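Q: The file below is target.pdb, PDB, C-alpha atoms:
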```
ATOM      1  CA  MET T   1     -12.689   7.874  -2.251
ATOM      2  CA  ALA T   2     -14.276   4.507  -1.616
ATOM      3  CA  ALA T   3     -17.615   5.927  -2.752
ATOM      4  CA  GLU T   4     -16.077   6.463  -6.206
ATOM      5  CA  THR T   5     -15.487   2.734  -6.664
ATOM      6  CA  ALA T   6     -18.441   0.511  -7.421
ATOM      7  CA  PRO T   7     -18.418  -2.782  -5.444
ATOM      8  CA  ALA T   8     -18.829  -4.810  -8.654
ATOM      9  CA  THR T   9     -15.734  -3.162 -10.109
ATOM     10  CA  ILE T  10     -13.570  -3.913  -7.086
ATOM     11  CA  ALA T  11     -14.501  -7.588  -7.343
ATOM     12  CA  ALA T  12     -13.046  -7.647 -10.865
ATOM     13  CA  ILE T  13      -9.646  -6.412  -9.694
ATOM     14  CA  GLN T  14      -7.204  -8.419  -7.636
ATOM     15  CA  PRO T  15      -4.670  -7.044  -5.146
ATOM     16  CA  VAL T  16      -0.984  -7.740  -5.566
ATOM     17  CA  SER T  17      -0.387 -11.275  -4.278
ATOM     18  CA  VAL T  18       0.508 -11.653  -0.641
ATOM     19  CA  PRO T  19       2.130 -14.805   0.730
ATOM     20  CA  ALA T  20      -0.057 -16.864   3.029
ATOM     21  CA  MET T  21       0.680 -16.525   6.725
ATOM     22  CA  PRO T  22       0.194 -19.354   9.213
ATOM     23  CA  ASN T  23      -2.785 -19.021  11.524
ATOM     24  CA  SER T  24      -0.645 -19.352  14.599
ATOM     25  CA  VAL T  25       2.915 -18.562  15.555
ATOM     26  CA  PRO T  26       4.897 -21.417  17.102
ATOM     27  CA  ASN T  27       5.662 -20.951  20.795
ATOM     28  CA  SER T  28       9.309 -21.822  20.208
ATOM     29  CA  LEU T  29      10.171 -18.468  18.631
ATOM     30  CA  PRO T  30      12.175 -16.205  20.922
ATOM     31  CA  ALA T  31      10.624 -12.916  21.906
ATOM     32  CA  PRO T  32      12.264  -9.913  20.244
ATOM     33  CA  ALA T  33      14.732  -7.975  22.350
ATOM     34  CA  PRO T  34      13.168  -4.874  23.909
ATOM     35  CA  THR T  35      15.545  -2.599  21.979
ATOM     36  CA  GLN T  36      14.408  -3.931  18.587
ATOM     37  CA  ALA T  37      11.736  -1.825  16.979
ATOM     38  CA  ALA T  38       9.779  -2.442  13.827
ATOM     39  CA  PRO T  39      10.710  -0.062  11.020
ATOM     40  CA  ALA T  40       8.482   3.007  11.004
ATOM     41  CA  GLU T  41       8.325   3.124   7.201
ATOM     42  CA  ALA T  42       8.455   0.513   4.495
ATOM     43  CA  GLN T  43      11.803   0.234   2.743
ATOM     44  CA  GLN T  44      12.009   1.152  -0.943
ATOM     45  CA  ASP T  45      12.167  -2.505  -2.105
ATOM     46  CA  ASP T  46       9.383  -3.701   0.218
ATOM     47  CA  VAL T  47       6.147  -4.831  -1.413
ATOM     48  CA  VAL T  48       3.094  -3.356   0.254
ATOM     49  CA  ALA T  49      -0.180  -5.169  -0.283
ATOM     50  CA  TYR T  50      -3.366  -3.166   0.064
ATOM     51  CA  PRO T  51      -6.779  -4.641   0.837
ATOM     52  CA  THR T  52      -8.505  -2.461  -1.796
ATOM     53  CA  LEU T  53      -7.634  -0.189  -4.667
ATOM     54  CA  ALA T  54      -9.079   2.688  -2.644
ATOM     55  CA  ALA T  55      -6.602   1.905   0.161
ATOM     56  CA  ALA T  56      -3.691   1.854  -2.302
ATOM     57  CA  VAL T  57      -4.773   5.231  -3.712
ATOM     58  CA  ALA T  58      -5.313   6.731  -0.247
ATOM     59  CA  ALA T  59      -1.806   5.676   0.826
ATOM     60  CA  GLN T  60      -0.077   7.741  -1.879
ATOM     61  CA  GLN T  61       1.673  11.021  -1.112
ATOM     62  CA  THR T  62       0.248  13.683  -3.450
ATOM     63  CA  ARG T  63       2.175  16.734  -2.288
ATOM     64  CA  GLY T  64       5.585  17.884  -3.457
ATOM     65  CA  GLU T  65       7.550  17.717  -6.691
ATOM     66  CA  ILE T  66       6.415  15.479  -9.533
ATOM     67  CA  ASP T  67       8.434  14.491 -12.571
ATOM     68  CA  GLU T  68       7.285  15.054 -16.146
ATOM     69  CA  ASN T  69       6.105  11.488 -16.842
ATOM     70  CA  LEU T  70       4.093  11.373 -13.615
ATOM     71  CA  ARG T  71       2.543  14.736 -14.511
ATOM     72  CA  CYS T  72       1.625  13.493 -18.002
ATOM     73  CA  LEU T  73       0.112  10.259 -16.671
ATOM     74  CA  ALA T  74      -1.833  12.032 -13.921
ATOM     75  CA  GLY T  75      -3.005  14.653 -16.438
ATOM     76  CA  ALA T  76      -4.266  11.937 -18.788
ATOM     77  CA  ILE T  77      -6.090  10.194 -15.930
ATOM     78  CA  TYR T  78      -7.583  13.503 -14.837
ATOM     79  CA  TYR T  79      -8.832  14.584 -18.260
ATOM     80  CA  GLU T  80      -9.865  11.144 -19.534
ATOM     81  CA  SER T  81     -11.424   9.611 -16.444
ATOM     82  CA  LYS T  82     -11.752  11.959 -13.466
ATOM     83  CA  GLY T  83     -15.460  11.116 -13.043
ATOM     84  CA  GLU T  84     -14.864   7.379 -13.311
ATOM     85  CA  PRO T  85     -14.515   4.806 -10.535
ATOM     86  CA  LEU T  86     -10.948   4.276  -9.317
ATOM     87  CA  ALA T  87     -10.777   1.028 -11.301
ATOM     88  CA  GLY T  88     -11.581   2.968 -14.485
ATOM     89  CA  GLN T  89      -8.939   5.576 -13.725
ATOM     90  CA  LEU T  90      -6.378   2.830 -13.107
ATOM     91  CA  ALA T  91      -7.389   1.124 -16.366
ATOM     92  CA  VAL T  92      -6.721   4.338 -18.329
ATOM     93  CA  ALA T  93      -3.297   4.557 -16.674
ATOM     94  CA  GLU T  94      -2.550   0.928 -17.505
ATOM     95  CA  VAL T  95      -3.344   1.438 -21.208
ATOM     96  CA  ILE T  96      -0.971   4.404 -21.323
ATOM     97  CA  LEU T  97       1.776   2.413 -19.575
ATOM     98  CA  ASN T  98       1.162  -0.554 -21.898
ATOM     99  CA  ARG T  99       1.540   1.771 -24.881
ATOM    100  CA  ALA T 100       4.800   3.203 -23.533
ATOM    101  CA  ASP T 101       6.132  -0.336 -22.981
ATOM    102  CA  ASN T 102       4.994  -1.367 -26.479
ATOM    103  CA  GLY T 103       7.074   1.312 -28.208
ATOM    104  CA  ARG T 104       4.753   1.801 -31.218
ATOM    105  CA  PHE T 105       3.001   4.726 -29.513
ATOM    106  CA  GLY T 106       5.999   6.606 -28.125
ATOM    107  CA  GLN T 107       9.009   5.817 -25.979
ATOM    108  CA  SER T 108       7.845   7.632 -22.845
ATOM    109  CA  ILE T 109       4.577   8.257 -21.050
ATOM    110  CA  CYS T 110       4.525  11.877 -22.219
ATOM    111  CA  GLU T 111       5.154  10.822 -25.830
ATOM    112  CA  VAL T 112       2.218   8.389 -25.609
ATOM    113  CA  VAL T 113      -0.110  10.972 -24.091
ATOM    114  CA  THR T 114       0.832  13.765 -26.485
ATOM    115  CA  GLN T 115       0.896  11.613 -29.639
ATOM    116  CA  PRO T 116      -1.180  13.483 -32.250
ATOM    117  CA  GLY T 117      -4.794  12.375 -32.512
ATOM    118  CA  GLN T 118      -4.804  10.101 -29.466
ATOM    119  CA  PHE T 119      -6.262  12.227 -26.661
ATOM    120  CA  SER T 120      -8.703  15.049 -27.315
ATOM    121  CA  PHE T 121      -7.625  17.045 -24.238
ATOM    122  CA  VAL T 122      -4.064  17.529 -25.581
ATOM    123  CA  ARG T 123      -3.597  21.064 -26.928
ATOM    124  CA  GLY T 124      -0.638  21.973 -29.115
ATOM    125  CA  GLY T 125       1.190  18.787 -28.132
ATOM    126  CA  ARG T 126       0.881  19.558 -24.412
ATOM    127  CA  VAL T 127      -1.227  18.346 -21.512
ATOM    128  CA  PRO T 128      -3.142  21.371 -20.176
ATOM    129  CA  GLY T 129      -2.366  22.509 -16.658
ATOM    130  CA  VAL T 130      -4.620  21.542 -13.759
ATOM    131  CA  ASP T 131      -5.411  23.324 -10.504
ATOM    132  CA  GLN T 132      -3.402  21.031  -8.235
ATOM    133  CA  SER T 133      -5.594  21.829  -5.229
ATOM    134  CA  ARG T 134      -8.554  20.011  -6.823
ATOM    135  CA  PRO T 135      -9.438  16.697  -5.155
ATOM    136  CA  ALA T 136      -9.857  15.054  -8.582
ATOM    137  CA  TRP T 137      -6.268  16.036  -9.452
ATOM    138  CA  ARG T 138      -4.914  14.576  -6.209
ATOM    139  CA  THR T 139      -6.841  11.370  -6.905
ATOM    140  CA  ALA T 140      -5.490  11.206 -10.481
ATOM    141  CA  LEU T 141      -1.964  11.764  -9.176
ATOM    142  CA  ALA T 142      -2.381   9.013  -6.563
ATOM    143  CA  VAL T 143      -3.796   6.593  -9.163
ATOM    144  CA  ALA T 144      -0.840   7.407 -11.436
ATOM    145  CA  LYS T 145       1.563   6.542  -8.619
ATOM    146  CA  VAL T 146      -0.245   3.263  -7.943
ATOM    147  CA  ALA T 147       0.004   2.381 -11.643
ATOM    148  CA  LEU T 148       3.649   3.431 -12.040
ATOM    149  CA  ASN T 149       4.672   1.511  -8.922
ATOM    150  CA  ASP T 150       2.564  -1.514  -9.947
ATOM    151  CA  GLU T 151       0.856  -1.506  -6.550
ATOM    152  CA  TRP T 152      -2.448  -2.929  -7.801
ATOM    153  CA  ASP T 153      -3.263  -5.448 -10.510
ATOM    154  CA  GLY T 154      -5.943  -3.914 -12.699
ATOM    155  CA  SER T 155      -8.378  -5.716 -14.928
ATOM    156  CA  VAL T 156      -7.274  -4.606 -18.404
ATOM    157  CA  GLY T 157      -4.106  -6.684 -18.688
ATOM    158  CA  ASP T 158      -2.322  -5.913 -21.936
ATOM    159  CA  ALA T 159      -4.977  -3.556 -23.349
ATOM    160  CA  LEU T 160      -3.625  -0.920 -25.728
ATOM    161  CA  TYR T 161      -6.857   0.856 -26.664
ATOM    162  CA  PHE T 162      -9.970   2.273 -25.061
ATOM    163  CA  HIS T 163     -12.872   4.489 -25.951
ATOM    164  CA  ALA T 164     -15.916   6.000 -24.279
ATOM    165  CA  ARG T 165     -18.996   3.749 -24.235
ATOM    166  CA  ARG T 166     -20.910   6.332 -26.278
ATOM    167  CA  ALA T 167     -18.446   5.887 -29.177
ATOM    168  CA  ALA T 168     -18.716   2.992 -31.614
ATOM    169  CA  PRO T 169     -15.416   2.862 -33.514
ATOM    170  CA  GLY T 170     -16.096  -0.518 -35.150
ATOM    171  CA  TRP T 171     -12.672  -1.838 -34.222
ATOM    172  CA  GLY T 172     -11.906  -5.471 -34.891
ATOM    173  CA  ARG T 173     -10.082  -5.725 -31.572
ATOM    174  CA  VAL T 174     -10.582  -8.058 -28.621
ATOM    175  CA  LYS T 175     -12.569  -6.455 -25.812
ATOM    176  CA  VAL T 176     -10.933  -7.066 -22.429
ATOM    177  CA  ALA T 177     -13.045  -4.967 -20.064
ATOM    178  CA  ALA T 178     -15.745  -2.342 -19.691
ATOM    179  CA  ILE T 179     -15.260  -0.142 -16.638
ATOM    180  CA  GLY T 180     -17.336   2.910 -15.889
ATOM    181  CA  ASN T 181     -17.863   4.794 -19.148
ATOM    182  CA  HIS T 182     -14.924   3.234 -21.027
ATOM    183  CA  VAL T 183     -14.394   0.029 -22.993
ATOM    184  CA  PHE T 184     -10.877  -1.454 -23.197
ATOM    185  CA  TYR T 185      -9.330  -3.555 -25.986
ATOM    186  CA  ARG T 186      -6.094  -5.294 -26.905
TER     187      ARG T 186
END
```
Could you show the structure in this file as structure tokens?
A:
Amino acid sequence: MAAETAPATIAAIQPVSVPAMPNSVPNSLPAPAPTQAAPAEAQQDDVVAYPTLAAAVAAQQTRGEIDENLRCLAGAIYYESKGEPLAGQLAVAEVILNRADNGRFGQSICEVVTQPGQFSFVRGGRVPGVDQSRPAWRTALAVAKVALNDEWDGSVGDALYFHARRAAPGWGRVKVAAIGNHVFYR
């Protein structure tokens, strides 16, 4: 997956903040009791910081049941940006989440994605099915989870719009980023 992300793009994205740790541990701390063990898994409320977006994506579980909003978001990422760098896929997800939070585009992720005239891949008000064994689907699903769980700070901020570079809509909107083959606006 790391090959999908251009080094210049990664530099434009910042990981979730991590508190600074001292360089050394004071000698006065008692050693942990031998029966104490570190938790094997992170707790639900724990914040996990990843060194790269690729690491955050790779850490996601992509097997098992998925709810409708996750399916819609992953489907939109898949159809809109499956050939894009991970940062571009995350940016598409962020625009969709921003629209859902905004309320003018629909109240849920699926309402945003299936809103008439917004996404060309939508057919009859539905996101087409995807062969879930495809690596690009698993990547889209993992990126959707990263976005939904706010596990990586992307570079599009409060963007509500995007288009392919080849399009020239003539919008009077503020450009916030260009990632891969998409341009993002607020």
Q: Show which residues sit within 6 Å of Val183 in chain T, as a PDB file with C-alpha atoms, in the coordinates of the input. Count all atoms listed in the file, and ignore same-chain residues fewer than 2 positions away.
A:
```pdb
ATOM      1  CA  PHE T 162      -9.970   2.273 -25.061  1.00  0.00           C
ATOM      2  CA  HIS T 163     -12.872   4.489 -25.951  1.00  0.00           C
ATOM      3  CA  ALA T 177     -13.045  -4.967 -20.064  1.00  0.00           C
ATOM      4  CA  ALA T 178     -15.745  -2.342 -19.691  1.00  0.00           C
TER       5      ALA T 178
END
```
Q: So that each row is one residue of range 43-72 of chain T with an atom at most 12 Å from range 83-97 of chain T, can you give its shortest atom pair and the distance in Å to one decimal, using only C-alpha atoms, rows by chain and rising number, as a tab-separated table?
A:
```
residue	atom	partner	partner_atom	distance
T:Thr52	CA	T:Ala87	CA	10.4
T:Leu53	CA	T:Leu86	CA	7.2
T:Ala54	CA	T:Leu86	CA	7.1
T:Ala55	CA	T:Leu86	CA	10.7
T:Ala56	CA	T:Leu86	CA	10.4
T:Val57	CA	T:Leu86	CA	8.4
T:Ala58	CA	T:Leu86	CA	11.0
T:Asn69	CA	T:Leu97	CA	10.4
T:Leu70	CA	T:Ala93	CA	10.5
T:Arg71	CA	T:Ala93	CA	11.9
T:Cys72	CA	T:Ile96	CA	10.0
```
Q: Out of T:Trp152, T:Tyr50, T:Tyr78, T:Tyr161, which residue has the shortest atom-to-atom distance to Val176 in chain T when counting only C-alpha atoms?
A: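 Closest to Val176 in chain T, using only C-alpha atoms: T:Tyr161.
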Q: Rounded to one decimal, what separation in Å do you get between CA of Gly75 in chain T and CA of Pro169 in chain T?
A: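 So the two atoms, CA of Gly75 in chain T and CA of Pro169 in chain T, lie 24.2 Å apart.
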Q: One decimal, Å: what's the distance from CA of Ala100 in chain T over to CA of Val112 in chain T, could you say?
A: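 Straight-line distance from CA of Ala100 in chain T to CA of Val112 in chain T works out to 6.2 Å.
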Q: Please indicate the distance in Å from CA of Arg165 in chain T to CA of Gln115 in chain T, rounded to one decimal place.
A: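 Taking CA of Arg165 in chain T and CA of Gln115 in chain T, their separation equals 22.1 Å.
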Q: Given the PyMOL selection byres ((chain T and resi 138-143) around 7) and the file above, list the residues it selects as a count of residues only.
A: 18
Q: Using only C-alpha atoms, which residue out of T:Val156, T:Ala167, T:Ile66, T:Leu148 lies closest to Asn181 in chain T?
A: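 Checking each candidate against Asn181 in chain T, we get T:Ala167 as the closest.
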Q: If I wrap all listed atoms of range 76-91 of chain T in a box with edges along x, y and z and add 4 Å on each side, what are its centre and edge lengths in Å to one decimal, as JSON?
A:
```
{"center_x": -9.9, "center_y": 7.8, "center_z": -14.4, "size_x": 19.2, "size_y": 21.6, "size_z": 18.2}
```
Q: For Gly157 in chain T, which residue out of T:Gln61, T:Gln107, T:Asn98, T:Ser120 is the nearest one, using only C-alpha atoms?
A: T:Asn98
Q: Pick the closest to Val122 in chain T from T:Ile109, T:Ala168, T:Val174, T:Ala76: which is it, counting only C-alpha atoms?
A: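 For Val122 in chain T, the nearest of the candidates is T:Ala76.
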Q: Using the incomplete input, complete range 136-159 of chain T to the level of N, CA, C and O atoms; output as a PDB file, keeping the file's coordinate frame.
A:
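The resulting file, out-v8.pdb, is reproduced below:
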```pdb
ATOM      1  N   ALA T 136      -9.945  15.974  -7.441  1.00  0.00           N
ATOM      2  CA  ALA T 136      -9.857  15.054  -8.582  1.00  0.00           C
ATOM      3  C   ALA T 136      -8.424  14.972  -9.114  1.00  0.00           C
ATOM      4  O   ALA T 136      -7.997  13.916  -9.580  1.00  0.00           O
ATOM      5  N   TRP T 137      -7.673  16.067  -9.040  1.00  0.00           N
ATOM      6  CA  TRP T 137      -6.268  16.036  -9.452  1.00  0.00           C
ATOM      7  C   TRP T 137      -5.458  15.174  -8.492  1.00  0.00           C
ATOM      8  O   TRP T 137      -4.649  14.343  -8.913  1.00  0.00           O
ATOM      9  N   ARG T 138      -5.667  15.362  -7.187  1.00  0.00           N
ATOM     10  CA  ARG T 138      -4.914  14.576  -6.209  1.00  0.00           C
ATOM     11  C   ARG T 138      -5.227  13.089  -6.365  1.00  0.00           C
ATOM     12  O   ARG T 138      -4.341  12.243  -6.233  1.00  0.00           O
ATOM     13  N   THR T 139      -6.480  12.766  -6.671  1.00  0.00           N
ATOM     14  CA  THR T 139      -6.841  11.370  -6.905  1.00  0.00           C
ATOM     15  C   THR T 139      -6.140  10.850  -8.156  1.00  0.00           C
ATOM     16  O   THR T 139      -5.568   9.755  -8.145  1.00  0.00           O
ATOM     17  N   ALA T 140      -6.156  11.623  -9.245  1.00  0.00           N
ATOM     18  CA  ALA T 140      -5.490  11.206 -10.481  1.00  0.00           C
ATOM     19  C   ALA T 140      -3.995  11.002 -10.252  1.00  0.00           C
ATOM     20  O   ALA T 140      -3.410  10.031 -10.748  1.00  0.00           O
ATOM     21  N   LEU T 141      -3.382  11.880  -9.489  1.00  0.00           N
ATOM     22  CA  LEU T 141      -1.964  11.764  -9.176  1.00  0.00           C
ATOM     23  C   LEU T 141      -1.695  10.495  -8.363  1.00  0.00           C
ATOM     24  O   LEU T 141      -0.748   9.751  -8.635  1.00  0.00           O
ATOM     25  N   ALA T 142      -2.541  10.218  -7.387  1.00  0.00           N
ATOM     26  CA  ALA T 142      -2.381   9.013  -6.563  1.00  0.00           C
ATOM     27  C   ALA T 142      -2.578   7.749  -7.405  1.00  0.00           C
ATOM     28  O   ALA T 142      -1.821   6.781  -7.273  1.00  0.00           O
ATOM     29  N   VAL T 143      -3.569   7.746  -8.282  1.00  0.00           N
ATOM     30  CA  VAL T 143      -3.796   6.593  -9.163  1.00  0.00           C
ATOM     31  C   VAL T 143      -2.585   6.406 -10.078  1.00  0.00           C
ATOM     32  O   VAL T 143      -2.136   5.269 -10.305  1.00  0.00           O
ATOM     33  N   ALA T 144      -2.025   7.493 -10.587  1.00  0.00           N
ATOM     34  CA  ALA T 144      -0.840   7.407 -11.436  1.00  0.00           C
ATOM     35  C   ALA T 144       0.322   6.767 -10.681  1.00  0.00           C
ATOM     36  O   ALA T 144       1.042   5.922 -11.224  1.00  0.00           O
ATOM     37  N   LYS T 145       0.495   7.133  -9.427  1.00  0.00           N
ATOM     38  CA  LYS T 145       1.563   6.542  -8.619  1.00  0.00           C
ATOM     39  C   LYS T 145       1.322   5.058  -8.388  1.00  0.00           C
ATOM     40  O   LYS T 145       2.250   4.252  -8.457  1.00  0.00           O
ATOM     41  N   VAL T 146       0.089   4.683  -8.117  1.00  0.00           N
ATOM     42  CA  VAL T 146      -0.245   3.263  -7.943  1.00  0.00           C
ATOM     43  C   VAL T 146       0.106   2.497  -9.216  1.00  0.00           C
ATOM     44  O   VAL T 146       0.718   1.427  -9.168  1.00  0.00           O
ATOM     45  N   ALA T 147      -0.263   3.045 -10.362  1.00  0.00           N
ATOM     46  CA  ALA T 147       0.004   2.381 -11.643  1.00  0.00           C
ATOM     47  C   ALA T 147       1.508   2.304 -11.925  1.00  0.00           C
ATOM     48  O   ALA T 147       2.018   1.234 -12.284  1.00  0.00           O
ATOM     49  N   LEU T 148       2.212   3.410 -11.767  1.00  0.00           N
ATOM     50  CA  LEU T 148       3.649   3.431 -12.040  1.00  0.00           C
ATOM     51  C   LEU T 148       4.423   2.486 -11.133  1.00  0.00           C
ATOM     52  O   LEU T 148       5.397   1.868 -11.554  1.00  0.00           O
ATOM     53  N   ASN T 149       3.995   2.373  -9.889  1.00  0.00           N
ATOM     54  CA  ASN T 149       4.672   1.511  -8.922  1.00  0.00           C
ATOM     55  C   ASN T 149       4.129   0.087  -8.921  1.00  0.00           C
ATOM     56  O   ASN T 149       4.538  -0.727  -8.105  1.00  0.00           O
ATOM     57  N   ASP T 150       3.171  -0.185  -9.811  1.00  0.00           N
ATOM     58  CA  ASP T 150       2.564  -1.514  -9.947  1.00  0.00           C
ATOM     59  C   ASP T 150       2.067  -2.035  -8.594  1.00  0.00           C
ATOM     60  O   ASP T 150       2.314  -3.174  -8.217  1.00  0.00           O
ATOM     61  N   GLU T 151       1.343  -1.164  -7.884  1.00  0.00           N
ATOM     62  CA  GLU T 151       0.856  -1.506  -6.550  1.00  0.00           C
ATOM     63  C   GLU T 151      -0.529  -2.134  -6.549  1.00  0.00           C
ATOM     64  O   GLU T 151      -1.054  -2.448  -5.479  1.00  0.00           O
ATOM     65  N   TRP T 152      -1.133  -2.294  -7.721  1.00  0.00           N
ATOM     66  CA  TRP T 152      -2.448  -2.929  -7.801  1.00  0.00           C
ATOM     67  C   TRP T 152      -2.585  -3.555  -9.182  1.00  0.00           C
ATOM     68  O   TRP T 152      -2.262  -2.920 -10.177  1.00  0.00           O
ATOM     69  N   ASP T 153      -3.053  -4.778  -9.230  1.00  0.00           N
ATOM     70  CA  ASP T 153      -3.263  -5.448 -10.510  1.00  0.00           C
ATOM     71  C   ASP T 153      -4.644  -5.084 -11.030  1.00  0.00           C
ATOM     72  O   ASP T 153      -5.648  -5.491 -10.457  1.00  0.00           O
ATOM     73  N   GLY T 154      -4.678  -4.325 -12.097  1.00  0.00           N
ATOM     74  CA  GLY T 154      -5.943  -3.914 -12.699  1.00  0.00           C
ATOM     75  C   GLY T 154      -6.544  -5.015 -13.553  1.00  0.00           C
ATOM     76  O   GLY T 154      -6.000  -6.114 -13.658  1.00  0.00           O
ATOM     77  N   SER T 155      -7.641  -4.694 -14.192  1.00  0.00           N
ATOM     78  CA  SER T 155      -8.378  -5.716 -14.928  1.00  0.00           C
ATOM     79  C   SER T 155      -8.260  -5.604 -16.441  1.00  0.00           C
ATOM     80  O   SER T 155      -8.952  -6.312 -17.158  1.00  0.00           O
ATOM     81  N   VAL T 156      -7.359  -4.750 -16.952  1.00  0.00           N
ATOM     82  CA  VAL T 156      -7.274  -4.606 -18.404  1.00  0.00           C
ATOM     83  C   VAL T 156      -6.067  -5.305 -19.007  1.00  0.00           C
ATOM     84  O   VAL T 156      -5.905  -5.312 -20.230  1.00  0.00           O
ATOM     85  N   GLY T 157      -5.225  -5.896 -18.183  1.00  0.00           N
ATOM     86  CA  GLY T 157      -4.106  -6.684 -18.688  1.00  0.00           C
ATOM     87  C   GLY T 157      -3.266  -5.934 -19.694  1.00  0.00           C
ATOM     88  O   GLY T 157      -2.740  -4.873 -19.415  1.00  0.00           O
ATOM     89  N   ASP T 158      -3.179  -6.493 -20.906  1.00  0.00           N
ATOM     90  CA  ASP T 158      -2.322  -5.913 -21.936  1.00  0.00           C
ATOM     91  C   ASP T 158      -3.086  -5.022 -22.919  1.00  0.00           C
ATOM     92  O   ASP T 158      -2.659  -4.836 -24.058  1.00  0.00           O
ATOM     93  N   ALA T 159      -4.177  -4.435 -22.481  1.00  0.00           N
ATOM     94  CA  ALA T 159      -4.977  -3.556 -23.349  1.00  0.00           C
ATOM     95  C   ALA T 159      -4.129  -2.387 -23.851  1.00  0.00           C
ATOM     96  O   ALA T 159      -3.330  -1.821 -23.113  1.00  0.00           O
TER      97      ALA T 159
END
```
